[in-house]
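J.: I am sharing query.pdb, which consists of PDB, C-alpha atoms:
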ATOM      1  CA  MET A   1       0.000   0.000   0.000
ATOM      2  CA  ARG A   2       1.205   3.468  -0.809
ATOM      3  CA  SER A   3       1.707   5.963   1.987
ATOM      4  CA  ALA A   4       0.210   9.387   2.566
ATOM      5  CA  ALA A   5       3.739  10.821   2.602
ATOM      6  CA  GLU A   6       4.327   9.574  -0.939
ATOM      7  CA  LEU A   7       0.866  10.485  -2.269
ATOM      8  CA  ALA A   8       0.520  14.000  -0.831
ATOM      9  CA  PRO A   9       3.239  15.590  -3.032
ATOM     10  CA  ARG A  10       1.667  13.942  -6.095
ATOM     11  CA  VAL A  11      -1.754  15.365  -5.207
ATOM     12  CA  LEU A  12      -0.287  18.832  -4.705
ATOM     13  CA  GLU A  13       1.558  18.688  -8.026
ATOM     14  CA  ALA A  14      -1.559  17.471  -9.860
ATOM     15  CA  CYS A  15      -3.509  20.393  -8.387
ATOM     16  CA  ARG A  16      -0.762  22.829  -9.375
ATOM     17  CA  ARG A  17      -0.826  21.585 -12.977
ATOM     18  CA  ARG A  18      -4.562  22.317 -13.088
ATOM     19  CA  LYS A  19      -4.216  25.542 -11.062
ATOM     20  CA  ALA A  20      -6.833  24.055  -8.726
ATOM     21  CA  MET A  21      -7.144  24.776  -5.032
ATOM     22  CA  LEU A  22      -8.152  21.831  -2.813
ATOM     23  CA  ALA A  23     -10.373  21.569   0.268
ATOM     24  CA  THR A  24     -10.910  18.648   2.612
ATOM     25  CA  ALA A  25     -14.091  17.697   4.493
ATOM     26  CA  GLU A  26     -13.204  15.194   7.184
ATOM     27  CA  SER A  27     -15.191  13.337   9.765
ATOM     28  CA  CYS A  28     -13.549  10.057  10.828
ATOM     29  CA  THR A  29     -10.020  11.316  10.047
ATOM     30  CA  GLY A  30     -10.367  14.523  12.048
ATOM     31  CA  GLY A  31      -8.035  16.582   9.851
ATOM     32  CA  MET A  32      -5.467  13.917   8.991
ATOM     33  CA  ILE A  33      -5.876  14.432   5.218
ATOM     34  CA  ALA A  34      -5.252  18.159   5.534
ATOM     35  CA  ALA A  35      -2.308  17.395   7.814
ATOM     36  CA  ALA A  36      -0.789  14.982   5.277
ATOM     37  CA  LEU A  37      -1.053  17.637   2.573
ATOM     38  CA  THR A  38       0.274  20.480   4.710
ATOM     39  CA  ASP A  39       3.190  18.351   5.911
ATOM     40  CA  VAL A  40       4.615  19.108   2.456
ATOM     41  CA  ALA A  41       6.468  22.421   2.284
ATOM     42  CA  GLY A  42       4.871  24.843  -0.140
ATOM     43  CA  SER A  43       1.407  23.282   0.078
ATOM     44  CA  SER A  44      -0.220  26.647   0.815
ATOM     45  CA  ASP A  45      -0.481  27.370  -2.918
ATOM     46  CA  VAL A  46      -2.850  24.394  -3.258
ATOM     47  CA  VAL A  47      -4.570  23.681   0.077
ATOM     48  CA  GLU A  48      -7.392  26.199   0.387
ATOM     49  CA  ARG A  49      -8.960  24.951   3.641
ATOM     50  CA  GLY A  50      -9.961  21.934   5.659
ATOM     51  CA  PHE A  51     -13.307  21.300   7.305
ATOM     52  CA  VAL A  52     -13.301  18.966  10.306
ATOM     53  CA  VAL A  53     -16.966  18.070  10.640
ATOM     54  CA  TYR A  54     -17.132  15.354  13.252
ATOM     55  CA  SER A  55     -20.680  16.051  14.417
ATOM     56  CA  ASN A  56     -23.830  16.063  12.321
ATOM     57  CA  ASP A  57     -24.395  19.696  13.360
ATOM     58  CA  ALA A  58     -20.989  20.618  11.925
ATOM     59  CA  LYS A  59     -21.797  18.785   8.679
ATOM     60  CA  ARG A  60     -25.011  20.805   8.394
ATOM     61  CA  GLU A  61     -23.654  24.170   9.531
ATOM     62  CA  MET A  62     -20.281  24.202   7.759
ATOM     63  CA  LEU A  63     -21.016  22.190   4.621
ATOM     64  CA  GLY A  64     -24.760  22.522   4.170
ATOM     65  CA  VAL A  65     -25.446  18.785   4.410
ATOM     66  CA  PRO A  66     -29.258  18.571   4.646
ATOM     67  CA  ALA A  67     -30.585  17.357   8.020
ATOM     68  CA  GLU A  68     -33.058  15.157   6.127
ATOM     69  CA  LEU A  69     -30.174  13.402   4.334
ATOM     70  CA  LEU A  70     -28.432  12.721   7.641
ATOM     71  CA  ALA A  71     -31.669  11.438   9.193
ATOM     72  CA  ARG A  72     -32.532   9.181   6.255
ATOM     73  CA  HIS A  73     -29.108   7.702   5.438
ATOM     74  CA  GLY A  74     -26.973   8.379   8.508
ATOM     75  CA  ALA A  75     -23.666  10.228   8.637
ATOM     76  CA  VAL A  76     -21.773   7.188   7.331
ATOM     77  CA  SER A  77     -23.285   6.904   3.867
ATOM     78  CA  GLU A  78     -22.575   7.546   0.217
ATOM     79  CA  GLU A  79     -25.170  10.309   0.141
ATOM     80  CA  VAL A  80     -23.602  12.208   3.026
ATOM     81  CA  ALA A  81     -20.052  11.755   1.705
ATOM     82  CA  ARG A  82     -21.141  13.227  -1.643
ATOM     83  CA  ALA A  83     -22.940  16.115   0.063
ATOM     84  CA  MET A  84     -19.874  16.808   2.219
ATOM     85  CA  ALA A  85     -17.530  17.002  -0.790
ATOM     86  CA  GLU A  86     -19.960  19.145  -2.763
ATOM     87  CA  GLY A  87     -20.510  21.358   0.288
ATOM     88  CA  ALA A  88     -16.774  21.843   0.709
ATOM     89  CA  VAL A  89     -16.504  23.089  -2.881
ATOM     90  CA  ALA A  90     -19.582  25.304  -2.471
ATOM     91  CA  ASN A  91     -18.306  26.796   0.803
ATOM     92  CA  SER A  92     -14.728  27.518  -0.268
ATOM     93  CA  ARG A  93     -12.653  28.856  -3.133
ATOM     94  CA  ALA A  94     -11.470  25.332  -3.926
ATOM     95  CA  ALA A  95     -12.106  23.762  -7.313
ATOM     96  CA  ILE A  96     -11.849  20.252  -5.860
ATOM     97  CA  ALA A  97     -12.685  18.727  -2.489
ATOM     98  CA  VAL A  98     -12.405  15.320  -0.914
ATOM     99  CA  SER A  99     -14.601  14.087   1.921
ATOM    100  CA  VAL A 100     -14.527  11.099   4.255
ATOM    101  CA  THR A 101     -17.052   9.734   6.722
ATOM    102  CA  GLY A 102     -16.812   6.381   8.431
ATOM    103  CA  VAL A 103     -16.730   4.140  11.472
ATOM    104  CA  ALA A 104     -13.146   4.109  12.749
ATOM    105  CA  GLY A 105     -13.925   2.088  15.881
ATOM    106  CA  PRO A 106     -13.271   0.366  18.066
ATOM    107  CA  GLY A 107     -16.976   0.822  18.894
ATOM    108  CA  GLY A 108     -19.870   2.294  16.962
ATOM    109  CA  GLY A 109     -20.143  -0.410  14.330
ATOM    110  CA  SER A 110     -23.227  -2.404  13.395
ATOM    111  CA  THR A 111     -24.091  -5.199  10.973
ATOM    112  CA  ALA A 112     -25.096  -2.637   8.353
ATOM    113  CA  LYS A 113     -22.190  -0.291   9.103
ATOM    114  CA  PRO A 114     -19.274  -2.279  10.509
ATOM    115  CA  VAL A 115     -16.135  -0.851  12.063
ATOM    116  CA  GLY A 116     -13.836  -0.020   9.151
ATOM    117  CA  LEU A 117     -16.618   1.143   6.794
ATOM    118  CA  VAL A 118     -15.671   4.418   5.118
ATOM    119  CA  HIS A 119     -17.381   6.423   2.401
ATOM    120  CA  LEU A 120     -15.165   8.801   0.443
ATOM    121  CA  ALA A 121     -16.196  11.331  -2.192
ATOM    122  CA  CYS A 122     -14.402  13.781  -4.443
ATOM    123  CA  ALA A 123     -16.216  16.749  -5.962
ATOM    124  CA  MET A 124     -14.858  19.038  -8.632
ATOM    125  CA  ARG A 125     -16.562  22.148  -9.970
ATOM    126  CA  GLY A 126     -18.423  21.271 -13.155
ATOM    127  CA  ARG A 127     -17.878  17.509 -12.818
ATOM    128  CA  THR A 128     -19.795  14.541 -11.459
ATOM    129  CA  THR A 129     -18.870  13.717  -7.861
ATOM    130  CA  ARG A 130     -16.995  10.427  -7.497
ATOM    131  CA  HIS A 131     -17.638   8.039  -4.615
ATOM    132  CA  ARG A 132     -15.679   5.156  -3.153
ATOM    133  CA  ARG A 133     -16.801   2.730  -0.427
ATOM    134  CA  GLU A 134     -14.244   0.775   1.575
ATOM    135  CA  VAL A 135     -14.167  -1.499   4.582
ATOM    136  CA  PHE A 136     -10.669  -1.236   6.017
ATOM    137  CA  PRO A 137      -9.235  -3.830   8.409
ATOM    138  CA  GLY A 138      -7.322  -3.128  11.576
ATOM    139  CA  ASP A 139      -7.626  -0.930  14.609
ATOM    140  CA  ARG A 140      -8.674   2.729  14.734
ATOM    141  CA  ALA A 141      -5.240   4.009  13.722
ATOM    142  CA  ASP A 142      -5.029   1.563  10.787
ATOM    143  CA  ILE A 143      -8.496   2.489   9.543
ATOM    144  CA  ARG A 144      -7.852   6.214   9.757
ATOM    145  CA  GLN A 145      -4.469   5.946   8.017
ATOM    146  CA  ALA A 146      -5.924   3.759   5.249
ATOM    147  CA  THR A 147      -8.680   6.345   4.815
ATOM    148  CA  VAL A 148      -6.139   9.147   4.327
ATOM    149  CA  VAL A 149      -4.344   7.104   1.651
ATOM    150  CA  ALA A 150      -7.621   6.218  -0.088
ATOM    151  CA  ALA A 151      -8.711   9.870  -0.063
ATOM    152  CA  LEU A 152      -5.455  11.024  -1.657
ATOM    153  CA  GLU A 153      -5.732   8.238  -4.247
ATOM    154  CA  LEU A 154      -9.294   9.336  -5.064
ATOM    155  CA  VAL A 155      -8.201  12.952  -5.595
ATOM    156  CA  LEU A 156      -5.460  11.764  -7.953
ATOM    157  CA  LEU A 157      -7.931   9.580  -9.837
ATOM    158  CA  VAL A 158     -10.340  12.480 -10.315
ATOM    159  CA  LEU A 159      -7.621  14.932 -11.336
ATOM    160  CA  GLU A 160      -6.007  12.477 -13.763
ATOM    161  CA  ALA A 161      -9.376  11.611 -15.338
ATOM    162  CA  ASP A 162     -10.016  15.325 -15.866
ATOM    163  CA  ASP A 163      -6.522  16.177 -17.141
ATOM    164  CA  PRO A 164      -6.416  16.521 -20.933
ATOM    165  CA  SER A 165      -2.626  15.979 -20.900
ATOM    166  CA  SER A 166      -2.816  12.545 -19.244
TER     167      SER A 166
END
Could you express the structure from this file as structure tokens?

T.:
Amino acid sequence: MRSAAELAPRVLEACRRRKAMLATAESCTGGMIAAALTDVAGSSDVVERGFVVYSNDAKREMLGVPAELLARHGAVSEEVARAMAEGAVANSRAAIAVSVTGVAGPGGGSTAKPVGLVHLACAMRGRTTRHRREVFPGDRADIRQATVVAALELVLLVLEADDPSS
């Protein structure tokens, strides 16, 4: 598996090539994606902002995630992940945003939403939002780290798919 330390510079460079600012909308990772990106010197020309939206109220207030969506699908869902990413783009100057919401454990899981379940989404102005669903193994730290890597991979996938030079 690739590491966040190796993926973050690639994400930043891909954003630079497109002249695209990036925002993060993080629940289960609590800012770890933004931290991985800002660990790289010079990232301020790409990272526009990070939203840490751990509570449902924060998701609603900061990103505009509809309360009805949260009530119907729950915070850990494809629908909410998409709304988070789209809300991060709408509530920032970023052209692209990645969001994550999941059950990092050790508690909080259920049959329908087990520990390790994560929904990720990547929204880009003028493009269809991409979604990825994963169930990561391991303890809380493993799940959160795997989520950071998956989020960075998703951003790269979206940027590369949208890049006419690739």

J.: Determine, counting only C-alpha atoms, which protein, DNA and RNA residues have an atom within 9 Å of an atom of Asn56 in chain A; residues of the same chain fewer than 5 positions away are not included. Present the result as a list in words.

T.: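 The filter keeps Glu61, Val65, Ala67, Leu70 and Ala75 of chain A.
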
J.: Those selected residues, please, written with C-alpha atoms and delivered as a PDB file, keeping the file's coordinate frame.

T.:
ATOM      1  CA  GLU A  61     -23.654  24.170   9.531  1.00  0.00           C
ATOM      2  CA  VAL A  65     -25.446  18.785   4.410  1.00  0.00           C
ATOM      3  CA  ALA A  67     -30.585  17.357   8.020  1.00  0.00           C
ATOM      4  CA  LEU A  70     -28.432  12.721   7.641  1.00  0.00           C
ATOM      5  CA  ALA A  75     -23.666  10.228   8.637  1.00  0.00           C
TER       6      ALA A  75
END

J.: Show which residues sit within 6 Å of range 28-39 of chain A, as a PyMOL selection string. Count only C-alpha atoms, and ignore same-chain residues fewer than 3 positions away.

T.: chain A and resi 8+43+52+101-102+144+148

J.: Save the residues we just selected, C-alpha atoms, as a compact mmCIF listing (two decimals), keeping the file's coordinate frame?

T.:
# COMPACT_ATOMS: atom_id res chain seq x y z
CA ALA A 8 0.52 14.00 -0.83
CA SER A 43 1.41 23.28 0.08
CA VAL A 52 -13.30 18.97 10.31
CA THR A 101 -17.05 9.73 6.72
CA GLY A 102 -16.81 6.38 8.43
CA ARG A 144 -7.85 6.21 9.76
CA VAL A 148 -6.14 9.15 4.33

J.: Which residues of range 100-140 of chain A sit at most 12 Å from range 13-26 of chain A, using all atoms listed in the file? Give each one's shortest atom pair and distance in Å (one decimal place), in chain and ascending residue order, as a tab-separated table.

T.:
residue	atom	partner	partner_atom	distance
A:Val100	CA	A:Glu26	CA	5.2
A:Thr101	CA	A:Glu26	CA	6.7
A:Gly102	CA	A:Glu26	CA	9.6
A:Val118	CA	A:Glu26	CA	11.2
A:His119	CA	A:Glu26	CA	10.8
A:Leu120	CA	A:Glu26	CA	9.5
A:Ala121	CA	A:Ala25	CA	9.5
A:Cys122	CA	A:Thr24	CA	9.3
A:Ala123	CA	A:Ala23	CA	9.8
A:Met124	CA	A:Leu22	CA	9.3
A:Arg125	CA	A:Ala20	CA	10.0

J.: Using only C-alpha atoms, which of the listed residues (A:Leu117, A:Leu157, A:Ile143, A:Ala151) sits closest to Glu78 in chain A?

T.: A:Leu117

J.: For the atom pair CA of Ala112 in chain A and CA of Ala146 in chain A, what is the interatomic distance in Å to one decimal place?

T.: 20.4 Å

J.: Would you kindly place N, CA and C atoms on range 140-164 of chain A and return the model as an mmCIF file, keeping the file's coordinate frame?

T.:
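For reference, result-v8.cif as written:
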data_model
loop_
_atom_site.group_PDB
_atom_site.id
_atom_site.type_symbol
_atom_site.label_atom_id
_atom_site.label_comp_id
_atom_site.auth_asym_id
_atom_site.auth_seq_id
_atom_site.Cartn_x
_atom_site.Cartn_y
_atom_site.Cartn_z
ATOM 1 N N ARG A 140 -8.297 1.348 15.053
ATOM 2 C CA ARG A 140 -8.674 2.729 14.734
ATOM 3 C C ARG A 140 -7.577 3.452 13.944
ATOM 4 N N ALA A 141 -6.353 3.336 14.400
ATOM 5 C CA ALA A 141 -5.240 4.009 13.722
ATOM 6 C C ALA A 141 -5.060 3.478 12.306
ATOM 7 N N ASP A 142 -5.166 2.165 12.126
ATOM 8 C CA ASP A 142 -5.029 1.563 10.787
ATOM 9 C C ASP A 142 -6.121 2.064 9.853
ATOM 10 N N ILE A 143 -7.347 2.081 10.355
ATOM 11 C CA ILE A 143 -8.496 2.489 9.543
ATOM 12 C C ILE A 143 -8.365 3.947 9.138
ATOM 13 N N ARG A 144 -7.985 4.789 10.064
ATOM 14 C CA ARG A 144 -7.852 6.214 9.757
ATOM 15 C C ARG A 144 -6.709 6.452 8.762
ATOM 16 N N GLN A 145 -5.590 5.760 8.941
ATOM 17 C CA GLN A 145 -4.469 5.946 8.017
ATOM 18 C C GLN A 145 -4.826 5.434 6.624
ATOM 19 N N ALA A 146 -5.498 4.292 6.550
ATOM 20 C CA ALA A 146 -5.924 3.759 5.249
ATOM 21 C C ALA A 146 -6.910 4.708 4.571
ATOM 22 N N THR A 147 -7.728 5.379 5.360
ATOM 23 C CA THR A 147 -8.680 6.345 4.815
ATOM 24 C C THR A 147 -7.962 7.536 4.206
ATOM 25 N N VAL A 148 -6.928 8.024 4.863
ATOM 26 C CA VAL A 148 -6.139 9.147 4.327
ATOM 27 C C VAL A 148 -5.547 8.754 2.975
ATOM 28 N N VAL A 149 -4.947 7.582 2.907
ATOM 29 C CA VAL A 149 -4.344 7.104 1.651
ATOM 30 C C VAL A 149 -5.410 6.984 0.565
ATOM 31 N N ALA A 150 -6.547 6.383 0.892
ATOM 32 C CA ALA A 150 -7.621 6.218 -0.088
ATOM 33 C C ALA A 150 -8.148 7.568 -0.573
ATOM 34 N N ALA A 151 -8.238 8.539 0.324
ATOM 35 C CA ALA A 151 -8.711 9.870 -0.063
ATOM 36 C C ALA A 151 -7.741 10.532 -1.037
ATOM 37 N N LEU A 152 -6.453 10.443 -0.754
ATOM 38 C CA LEU A 152 -5.455 11.024 -1.657
ATOM 39 C C LEU A 152 -5.468 10.317 -3.014
ATOM 40 N N GLU A 153 -5.636 8.991 -2.993
ATOM 41 C CA GLU A 153 -5.732 8.238 -4.247
ATOM 42 C C GLU A 153 -6.955 8.673 -5.053
ATOM 43 N N LEU A 154 -8.074 8.909 -4.369
ATOM 44 C CA LEU A 154 -9.294 9.336 -5.064
ATOM 45 C C LEU A 154 -9.115 10.708 -5.708
ATOM 46 N N VAL A 155 -8.471 11.628 -5.011
ATOM 47 C CA VAL A 155 -8.201 12.952 -5.595
ATOM 48 C C VAL A 155 -7.352 12.796 -6.849
ATOM 49 N N LEU A 156 -6.309 11.991 -6.772
ATOM 50 C CA LEU A 156 -5.460 11.764 -7.953
ATOM 51 C C LEU A 156 -6.266 11.168 -9.107
ATOM 52 N N LEU A 157 -7.099 10.196 -8.809
ATOM 53 C CA LEU A 157 -7.931 9.580 -9.837
ATOM 54 C C LEU A 157 -8.823 10.609 -10.527
ATOM 55 N N VAL A 158 -9.453 11.444 -9.752
ATOM 56 C CA VAL A 158 -10.340 12.480 -10.315
ATOM 57 C C VAL A 158 -9.548 13.480 -11.132
ATOM 58 N N LEU A 159 -8.429 13.939 -10.609
ATOM 59 C CA LEU A 159 -7.621 14.932 -11.336
ATOM 60 C C LEU A 159 -7.046 14.335 -12.625
ATOM 61 N N GLU A 160 -6.585 13.104 -12.569
ATOM 62 C CA GLU A 160 -6.007 12.477 -13.763
ATOM 63 C C GLU A 160 -7.077 12.219 -14.810
ATOM 64 N N ALA A 161 -8.282 11.862 -14.389
ATOM 65 C CA ALA A 161 -9.376 11.611 -15.338
ATOM 66 C C ALA A 161 -9.806 12.903 -16.025
ATOM 67 N N ASP A 162 -9.591 14.035 -15.343
ATOM 68 C CA ASP A 162 -10.016 15.325 -15.866
ATOM 69 C C ASP A 162 -8.893 16.078 -16.581
ATOM 70 N N ASP A 163 -7.697 15.505 -16.580
ATOM 71 C CA ASP A 163 -6.522 16.177 -17.141
ATOM 72 C C ASP A 163 -6.363 15.824 -18.613
ATOM 73 N N PRO A 164 -6.542 16.800 -19.503
ATOM 74 C CA PRO A 164 -6.416 16.521 -20.933
ATOM 75 C C PRO A 164 -5.020 16.073 -21.358
#
